[in-house]
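Novice: Sharing a structure here in structure tokens format.
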Amino acid sequence: RRAYQVITDLINHSPEVRAEAASHFPDPFRSWEPGDIFGAVADLGAIVEADGGSPDSVGQSVFTKIAKAVSAESLAVSYRIIADWPDGMRSFLKGYTERRMSPRPSVRKVLGELGRYGWFPGKGTRFADLLRDEVPSILRQLGLPLYVGKTSRVLSEPRLLKISNGEARSRFAISNKLLRRLDPDGVAIVARTAGKRGLMLYDAAKLAFSVNEYRSAIGEDEITRDLGVPIYCLDSLVNAGLIDHVLDHDARLLAGGTRLITRTSYEGLLRRLEELPIGSSPTCTLEEAMFGRLHPEDWADVLEAILSRSVLANRLEVGAKWTERIMVDAAGVAALLRGRDRPLPAIEISARVAAGLLNVSKDFVSALIENGFLGGTQSSQRIDIDLRSVDAFLRSYRTSRAASTGTSLHPAAIAAEMRRSGFAPAGRAGKLVIWRKSDFTTVFPEPAS
């Protein structure tokens, strides 16, 4: 009842009554003429009324709308919004726009009648001027993921703090495929609409940092190819302080789950390896010295010992990977690791990694699993192998192909010598001949470990 009384007093014939009614409103309305305040309440009441049904033509006068369409309840809502300005308008606009959100909302659609009123050509009321000043600011505070056209009159200036998917792709030259990797857990996402094709808003500064971290980092596959260390050992190198992980959450999401290593730390490790003396002596490569050494901490310990010169090591000037370029004293490596009986962690490795550890072709890994020599699961997409089953194989068996590495003997010559010595194969996996380790080392002794 009080709201109705104040509204009607704004157009009372008495100047004193009108002035008293105007004093109930906050700035900036308090400095307006009572008639302008009444017009604001009436106009906003018509917008509130339209929010619940079909909006009237924008061309109609406010007084025509009041006479035909505006209920007392809508006028009361309008009064409360203006009497609590700007918080009342912020609260109203939040609910008003949320009711109009869709998977791809535009500013024009979510503002509806409010936008048509405030930005209708020729609309020169004081309230329309106020809406044009205040609504864009409130929309930015709400952080709604709105599609903003280049010619938008509501949000025409560029958004600096929160940017859309399209703005992100343009500003950072990044594909939509990569940006979608941030959904739904990306820290840089500050707002989104529902639906698979919904719009998102990103924190521009946070996204810029994450994209830079992603692009400047090195992926685990690249490091494995270059360094030659098994991929599952990289965490141990990080724990040893030899390299550093990228810690940024969104950068790792952009990488699609692949672990990232900071370029600075990896280049620092390479500089330390480049400081090794050039020479082909000792004659054993790091890869050969570490054959059968599967524990990730063993690799970290040996690399630390090489860099600290605790193990004699030189380097070749060229090579496909560093484990082939680094020449080490095999006896020194064995002495360093002797007596360490650390249980292997439960790690699932790929067929490619298992093939590298066994020094066989990737094609033979499936055959080893099918013939019961390795434990693993196969599907149409991938093969997962327990690292401990690879260790168990190496403790019990040898293959002619793996044994020929680092020697002048062909696998066929090794097999022939084994047979001449009276030993039969333990089995086959495709064309791969498998020997019991106890038999094999009788004919071809291995260095003591």
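By order of appearance in the structure tokens: chains A, B, ..., then residues from 1 within every chain, and ligands from 1 in the order shown.
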Which neighbours of A:Leu432 fall inside 8 Å, counting only C-alpha atoms, when residues of the same chain fewer than 3 positions from it are skipped, and could you give them as a PyMOL selection string?
Specialist: chain A and resi 364+399-401+428-429
Novice: Fewer than 6 positions away in the same chain doesn't count, so skip those; otherwise give me all residues within 10 Å of A:Pro26, counting only C-alpha atoms, as a ChimeraX atom specification.
Specialist: /A:82-86
Novice: Could you tell me which of A:Leu270, A:Leu294, A:Leu111, A:Met200 comes closest to A:Arg395 if we count only C-alpha atoms?
Specialist: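 Using only C-alpha atoms, the shortest distance to A:Arg395 belongs to A:Leu294.
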Novice: Kindly indicate which residue among A:Glu288, A:Asp43, A:Glu275, A:Glu220 lies nearest to A:Ala255, using only C-alpha atoms for the distances.
Specialist: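 The shortest atom-to-atom distance to A:Ala255 comes from A:Glu220.
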Novice: Taking into account only C-alpha atoms, which residue in the set A:Gly219, A:Gly115, A:Pro230, A:Pro136 is nearest to A:Arg263?
Specialist: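 Comparing A:Gly219, A:Gly115, A:Pro230, A:Pro136 against A:Arg263, the winner is A:Gly219.
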Novice: Within 9 Å of A:Asp221, counting only C-alpha atoms, which residues show up once you throw out same-chain ones fewer than 6 positions away? Write them as a list in words, please.
Specialist: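 Once the adjacent positions are removed, what remains is Ile231, Thr258 and Arg259 of chain A.
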Novice: Grab the atom CA of A:Ala355 to atom CA of A:Val390 distance for me, in Å with one decimal place.
Specialist: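 That distance, rounded to one decimal, is 9.6 Å.
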Novice: Have a look at A:Ile347, A:Ala50, A:Val333, A:Leu130 and name the one nearest to A:Leu387; count only C-alpha atoms.
Specialist: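 Result for the nearest residue to A:Leu387: A:Ile347.
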Novice: Hey, what's within 9 Å of A:Leu178 if we count only C-alpha atoms and toss same-chain stuff fewer than 5 positions away? As a list of chain:residue names, please?
Specialist: A:Leu253, A:Leu254, A:Ala255, A:Gly256
Novice: Please identify the alpha helix (DSSP H) residues within stretch 69-301 of chain A (assignment by DSSP from backbone atoms) and present them as an MDAnalysis selection string.
Specialist: chainID A and resid 72:83 87:98 107:118 126:142 165:172 176:180 204:216 220:227 234:239 249:254 263:274 286:289 296:301
Novice: Write out as a JSON list (two decimals) with all heavy atoms, in the first residue's frame each polymer residue whose atoms come within 9 Å of A:Leu337, counting only C-alpha atoms; drop sequence neighbours fewer than 2 positions from it.
Specialist:
[["chain", "number", "residue", "atom", "x", "y", "z"],
["A", 298, "ASP", "N", 65.90, -46.24, -10.24],
["A", 298, "ASP", "CA", 67.23, -46.64, -10.70],
["A", 298, "ASP", "C", 67.71, -45.70, -11.80],
["A", 298, "ASP", "O", 68.88, -45.30, -11.83],
["A", 298, "ASP", "CB", 67.20, -48.08, -11.23],
["A", 298, "ASP", "CG", 67.09, -49.11, -10.11],
["A", 298, "ASP", "OD1", 67.21, -48.70, -8.93],
["A", 298, "ASP", "OD2", 66.88, -50.30, -10.41],
["A", 301, "ASP", "N", 68.70, -42.38, -10.24],
["A", 301, "ASP", "CA", 69.96, -42.49, -9.50],
["A", 301, "ASP", "C", 71.16, -42.54, -10.44],
["A", 301, "ASP", "O", 72.21, -41.92, -10.19],
["A", 301, "ASP", "CB", 69.94, -43.73, -8.61],
["A", 301, "ASP", "CG", 68.95, -43.60, -7.46],
["A", 301, "ASP", "OD1", 68.51, -42.46, -7.19],
["A", 301, "ASP", "OD2", 68.62, -44.64, -6.85],
["A", 302, "VAL", "N", 71.03, -43.30, -11.53],
["A", 302, "VAL", "CA", 72.15, -43.44, -12.46],
["A", 302, "VAL", "C", 72.41, -42.11, -13.18],
["A", 302, "VAL", "O", 73.58, -41.70, -13.33],
["A", 302, "VAL", "CB", 71.87, -44.57, -13.47],
["A", 302, "VAL", "CG1", 72.90, -44.55, -14.61],
["A", 302, "VAL", "CG2", 71.90, -45.92, -12.77],
["A", 332, "GLY", "N", 80.55, -49.79, -13.11],
["A", 332, "GLY", "CA", 80.22, -48.70, -12.19],
["A", 332, "GLY", "C", 78.73, -48.58, -11.97],
["A", 332, "GLY", "O", 78.26, -48.33, -10.85],
["A", 333, "VAL", "N", 77.96, -48.76, -13.04],
["A", 333, "VAL", "CA", 76.49, -48.71, -12.92],
["A", 333, "VAL", "C", 76.01, -49.88, -12.08],
["A", 333, "VAL", "O", 75.15, -49.72, -11.19],
["A", 333, "VAL", "CB", 75.84, -48.75, -14.32],
["A", 333, "VAL", "CG1", 74.32, -48.92, -14.20],
["A", 333, "VAL", "CG2", 76.16, -47.49, -15.10],
["A", 334, "ALA", "N", 76.56, -51.07, -12.33],
["A", 334, "ALA", "CA", 76.15, -52.25, -11.56],
["A", 334, "ALA", "C", 76.49, -52.09, -10.09],
["A", 334, "ALA", "O", 75.71, -52.45, -9.20],
["A", 334, "ALA", "CB", 76.83, -53.50, -12.13],
["A", 335, "ALA", "N", 77.67, -51.50, -9.81],
["A", 335, "ALA", "CA", 78.08, -51.30, -8.42],
["A", 335, "ALA", "C", 77.15, -50.31, -7.72],
["A", 335, "ALA", "O", 76.82, -50.47, -6.53],
["A", 335, "ALA", "CB", 79.52, -50.82, -8.37],
["A", 339, "GLY", "N", 72.55, -54.52, -4.75],
["A", 339, "GLY", "CA", 71.95, -54.66, -3.43],
["A", 339, "GLY", "C", 70.63, -53.91, -3.25],
["A", 339, "GLY", "O", 70.03, -53.98, -2.18],
["A", 340, "ARG", "N", 70.20, -53.21, -4.25],
["A", 340, "ARG", "CA", 68.93, -52.48, -4.14],
["A", 340, "ARG", "C", 67.79, -53.40, -4.56],
["A", 340, "ARG", "O", 67.64, -53.71, -5.75],
["A", 340, "ARG", "CB", 68.95, -51.23, -5.01],
["A", 340, "ARG", "CG", 70.06, -50.26, -4.62],
["A", 340, "ARG", "CD", 69.93, -48.96, -5.35],
["A", 340, "ARG", "NE", 71.03, -48.06, -5.02],
["A", 340, "ARG", "CZ", 71.13, -46.80, -5.44],
["A", 340, "ARG", "NH1", 70.18, -46.31, -6.21],
["A", 340, "ARG", "NH2", 72.15, -46.06, -5.11],
["A", 449, "SER", "N", 75.60, -58.30, -11.82],
["A", 449, "SER", "CA", 74.87, -57.08, -11.50],
["A", 449, "SER", "C", 74.89, -56.84, -10.00],
["A", 449, "SER", "O", 75.28, -57.68, -9.23],
["A", 449, "SER", "CB", 73.41, -57.22, -11.97],
["A", 449, "SER", "OG", 72.79, -58.32, -11.35]]
Novice: Considering only C-alpha atoms, state which residue in the set A:Pro343, A:Pro425, A:Pro445, A:Gly356 is at the smallest distance from A:His295.
Specialist: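 Closest candidate: A:Pro343.
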Novice: Quick one: pull the distance between atom CA of A:Gly95 and atom CA of A:Val187, Å, one decimal.
Specialist: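 Value for the atom CA of A:Gly95-atom CA of A:Val187 distance: 25.3 Å.
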Novice: One number please: atom CA of A:Ser31 to atom CA of A:Ser137, in Å, one decimal.
Specialist: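 So the two atoms, atom CA of A:Ser31 and atom CA of A:Ser137, lie 21.9 Å apart.
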Novice: Would you mind listing what lies within 12 Å of A:Ala331 as a PDB file with N, CA and C atoms, in the first residue's frame, with only C-alpha atoms counted and same-chain residues fewer than 4 positions away left out?
Specialist:
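Output contents, as saved in around.pdb:
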ATOM      1  N   PRO A 282      84.072 -45.284 -21.912  1.00  0.00           N
ATOM      2  CA  PRO A 282      83.824 -46.735 -22.008  1.00  0.00           C
ATOM      3  C   PRO A 282      82.989 -47.113 -23.249  1.00  0.00           C
ATOM      4  N   THR A 283      82.934 -48.404 -23.528  1.00  0.00           N
ATOM      5  CA  THR A 283      82.320 -48.872 -24.767  1.00  0.00           C
ATOM      6  C   THR A 283      80.893 -49.353 -24.598  1.00  0.00           C
ATOM      7  N   CYS A 284      80.298 -49.161 -23.423  1.00  0.00           N
ATOM      8  CA  CYS A 284      78.922 -49.597 -23.170  1.00  0.00           C
ATOM      9  C   CYS A 284      78.005 -48.379 -23.139  1.00  0.00           C
ATOM     10  N   LEU A 286      74.584 -46.232 -22.229  1.00  0.00           N
ATOM     11  CA  LEU A 286      73.717 -46.193 -21.059  1.00  0.00           C
ATOM     12  C   LEU A 286      72.519 -47.121 -21.260  1.00  0.00           C
ATOM     13  N   GLU A 288      72.426 -49.939 -22.919  1.00  0.00           N
ATOM     14  CA  GLU A 288      72.854 -51.316 -22.698  1.00  0.00           C
ATOM     15  C   GLU A 288      73.088 -51.588 -21.214  1.00  0.00           C
ATOM     16  N   ALA A 289      73.682 -50.624 -20.523  1.00  0.00           N
ATOM     17  CA  ALA A 289      73.975 -50.802 -19.096  1.00  0.00           C
ATOM     18  C   ALA A 289      72.696 -50.892 -18.269  1.00  0.00           C
ATOM     19  N   MET A 290      71.631 -50.257 -18.741  1.00  0.00           N
ATOM     20  CA  MET A 290      70.376 -50.235 -17.981  1.00  0.00           C
ATOM     21  C   MET A 290      69.387 -51.286 -18.459  1.00  0.00           C
ATOM     22  N   VAL A 311      79.865 -41.906 -11.608  1.00  0.00           N
ATOM     23  CA  VAL A 311      80.005 -43.025 -12.537  1.00  0.00           C
ATOM     24  C   VAL A 311      80.719 -42.497 -13.768  1.00  0.00           C
ATOM     25  N   LEU A 312      81.760 -43.189 -14.192  1.00  0.00           N
ATOM     26  CA  LEU A 312      82.535 -42.767 -15.353  1.00  0.00           C
ATOM     27  C   LEU A 312      81.634 -42.734 -16.588  1.00  0.00           C
ATOM     28  N   ALA A 313      81.610 -41.623 -17.290  1.00  0.00           N
ATOM     29  CA  ALA A 313      80.760 -41.498 -18.478  1.00  0.00           C
ATOM     30  C   ALA A 313      81.334 -40.470 -19.433  1.00  0.00           C
ATOM     31  N   ALA A 335      77.666 -51.500  -9.810  1.00  0.00           N
ATOM     32  CA  ALA A 335      78.076 -51.300  -8.421  1.00  0.00           C
ATOM     33  C   ALA A 335      77.155 -50.307  -7.720  1.00  0.00           C
ATOM     34  N   LEU A 336      76.738 -49.264  -8.457  1.00  0.00           N
ATOM     35  CA  LEU A 336      75.849 -48.259  -7.882  1.00  0.00           C
ATOM     36  C   LEU A 336      74.516 -48.857  -7.473  1.00  0.00           C
ATOM     37  N   LEU A 337      74.005 -49.770  -8.292  1.00  0.00           N
ATOM     38  CA  LEU A 337      72.666 -50.313  -8.063  1.00  0.00           C
ATOM     39  C   LEU A 337      72.679 -51.655  -7.326  1.00  0.00           C
ATOM     40  N   ARG A 338      73.865 -52.183  -7.026  1.00  0.00           N
ATOM     41  CA  ARG A 338      73.948 -53.500  -6.406  1.00  0.00           C
ATOM     42  C   ARG A 338      73.299 -53.478  -5.017  1.00  0.00           C
ATOM     43  N   GLU A 446      76.594 -63.117 -18.682  1.00  0.00           N
ATOM     44  CA  GLU A 446      76.317 -61.689 -18.572  1.00  0.00           C
ATOM     45  C   GLU A 446      77.114 -61.094 -17.437  1.00  0.00           C
ATOM     46  N   PRO A 447      77.438 -59.797 -17.495  1.00  0.00           N
ATOM     47  CA  PRO A 447      78.172 -59.158 -16.397  1.00  0.00           C
ATOM     48  C   PRO A 447      77.402 -59.280 -15.096  1.00  0.00           C
ATOM     49  N   ALA A 448      78.117 -59.463 -14.012  1.00  0.00           N
ATOM     50  CA  ALA A 448      77.465 -59.546 -12.710  1.00  0.00           C
ATOM     51  C   ALA A 448      76.794 -58.214 -12.382  1.00  0.00           C
ATOM     52  N   SER A 449      75.601 -58.297 -11.817  1.00  0.00           N
ATOM     53  CA  SER A 449      74.865 -57.080 -11.495  1.00  0.00           C
ATOM     54  C   SER A 449      74.893 -56.836 -10.002  1.00  0.00           C
TER      55      SER A 449
END
Novice: Considering only C-alpha atoms, can you say which of A:Asp244, A:Asp226, A:Asp129, A:Asp185 comes closest to A:Arg325?
Specialist: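 Smallest distance to A:Arg325 is found for A:Asp226.
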Novice: Write out as a list in words all residues of stretch 98-317 of chain A that backbone DSSP assigns to strand (DSSP E).
Specialist: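 Those in stretch 98-317 of chain A that DSSP calls strand (DSSP E) are Lys162, Ile163, Ser164, Ile189, Val190, Ala191, Arg192, Met200, Leu201, Tyr202, Asp203, Ile218, Gly219, Leu260, Ile261, Cys284, Thr285, Ala313, Asn314 and Arg315 of chain A.
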Novice: Any idea what's packed within 12 Å of A:Gln381, counting only C-alpha atoms, ignoring anything in its chain fewer than 4 positions away? Could you give it as a list in words?
Specialist: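 In the requested form, the answer reads Ser350, Ala351 and Thr377 of chain A.
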Novice: Atoms to include: C-alpha atoms. Write the selected residues as a JSON list (two decimals), in the first residue's frame.
Specialist:
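The file below, part14.json, is the result:
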[["chain", "number", "residue", "atom", "x", "y", "z"],
["A", 350, "SER", "CA", 51.90, -49.53, -23.28],
["A", 351, "ALA", "CA", 53.03, -52.13, -25.80],
["A", 377, "THR", "CA", 45.06, -56.88, -21.33]]
